[in-house]
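Here is the structure we will look at.
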Amino acid sequence: MRCKPLIWARDTPKPMGDVLAIQDLTAGYGRALALRGITLSVPAGHNIGIVGPNGAGKSTLFKVLSGIVPARTGGAVFEGQALHKMSPDRIVRAGVVQVPEGRQVFPGLSVAENLWLGGYAAPREREGRRAEVLKLFPRLRERIDQAADSLSGGEQQMLAIGRGLMAAPRLLLLDEPTSVSLR
């Protein structure tokens, strides 16, 4: 069984209210709509699971929030910033980070290099964040110089999540965090 996408919102300086508000969001690919009129909010400090069958638009929602797929109508606001008007790199710098489905580690690069790249949005915090990630995933510390694509599937998933945490997210989007892939 696969875990469905998860949205995690770290407590923000504004503890009351919603950290994310999505209003009447519509998006898709070509003529096909994957999302139709989605409206939801995520209160600060809460974990929200989004469940539904394959093809229901869960991953598309995360791609819209990450700036990878454009919204056709509606939009999303994170801590007062309109995500649908921002580029993916600005969205990450604003504190919204997606860990995509399928691990997607950088093959040929070491665990250390993958983590370092994850910290590009918060370069001054890299060393502290890396220490936190390695404390959270001690197996990665044991494999720190190993090539990412030589890790087991579970270790690659730890690395993908750890790389996302390196960006110091205030909102972490985990797409199929426990899925098993044969890649």
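Labeling convention for the structure tokens: chains A, B, ... as they appear, residues from 1 per chain, ligands from 1 in order of appearance.
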Item to check | Shell of 8 Å around segment 158-172 of chain A, only C-alpha atoms, local chain residues under 6 positions omitted, as an NGL selection string | outcome: :A and (7-12 or 92-93 or 95-99 or 103-105 or 111 or 114-122 or 125-126 or 129-130 or 133 or 137 or 140 or 148)
With C-alpha atoms retained, could you export that selection as a JSON list (two decimals), in the first residue's frame?
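Output file again-v3.json is given in full below:
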```
[["chain", "number", "residue", "atom", "x", "y", "z"],
["A", 7, "ILE", "CA", 1.62, 18.43, 3.29],
["A", 8, "TRP", "CA", 3.58, 19.40, 6.39],
["A", 9, "ALA", "CA", 3.54, 22.99, 7.64],
["A", 10, "ARG", "CA", 6.22, 23.90, 10.17],
["A", 11, "ASP", "CA", 5.16, 26.47, 12.75],
["A", 12, "THR", "CA", 5.69, 29.94, 11.39],
["A", 92, "VAL", "CA", 11.54, 27.32, -2.61],
["A", 93, "ARG", "CA", 13.17, 30.48, -1.26],
["A", 95, "GLY", "CA", 9.76, 28.26, 2.17],
["A", 96, "VAL", "CA", 7.69, 25.80, 0.10],
["A", 97, "VAL", "CA", 9.61, 22.63, -0.80],
["A", 98, "GLN", "CA", 8.38, 19.56, -2.65],
["A", 99, "VAL", "CA", 9.88, 16.08, -2.33],
["A", 103, "ARG", "CA", 12.93, 9.70, -4.92],
["A", 104, "GLN", "CA", 14.78, 11.44, -7.78],
["A", 105, "VAL", "CA", 18.19, 11.60, -6.11],
["A", 111, "VAL", "CA", 24.91, 11.58, -0.22],
["A", 114, "ASN", "CA", 22.91, 15.61, -2.72],
["A", 115, "LEU", "CA", 22.32, 17.17, 0.69],
["A", 116, "TRP", "CA", 24.55, 20.15, -0.14],
["A", 117, "LEU", "CA", 22.52, 20.81, -3.32],
["A", 118, "GLY", "CA", 19.31, 20.68, -1.30],
["A", 119, "GLY", "CA", 20.55, 23.59, 0.78],
["A", 120, "TYR", "CA", 20.92, 26.04, -2.10],
["A", 121, "ALA", "CA", 17.96, 28.13, -0.90],
["A", 122, "ALA", "CA", 19.40, 28.49, 2.61],
["A", 125, "GLU", "CA", 22.09, 27.23, 7.24],
["A", 126, "ARG", "CA", 23.63, 24.31, 5.30],
["A", 129, "ARG", "CA", 20.56, 21.71, 8.51],
["A", 130, "ARG", "CA", 22.88, 18.87, 7.48],
["A", 133, "VAL", "CA", 19.11, 15.75, 8.69],
["A", 137, "PHE", "CA", 18.40, 9.84, 9.29],
["A", 140, "LEU", "CA", 22.70, 8.65, 5.77],
["A", 148, "ALA", "CA", 23.21, 8.22, -4.10]]
```
Next on the checklist: What does the structure give for the distance between atom CA of Ser150 of chain A and atom CA of Glu176 of chain A, in Å to one decimal?
Outcome noted: 21.1 Å
Next on the checklist: With DSSP run on the backbone, what are the strand (DSSP E or B) residues within segment 60-178 of chain A? I'd like them as a PyMOL selection string.
Outcome noted: chain A and resi 73-78+81-82+96-99+110+147+171-174
Checklist entry - Out of chain A, which residues get helix (DSSP H, G or I) from DSSP, as an NGL selection string? => result :A and (58-65 or 83-85 or 88-94 or 111-118 or 123-136 or 138-142 or 148-150 or 153-165)
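Compared by their closest atoms to Leu35 of chain A, and using only C-alpha atoms, the residues A:Pro123, A:Gly154, A:Gly80, A:Gly57 rank with A:Gly57 nearest.
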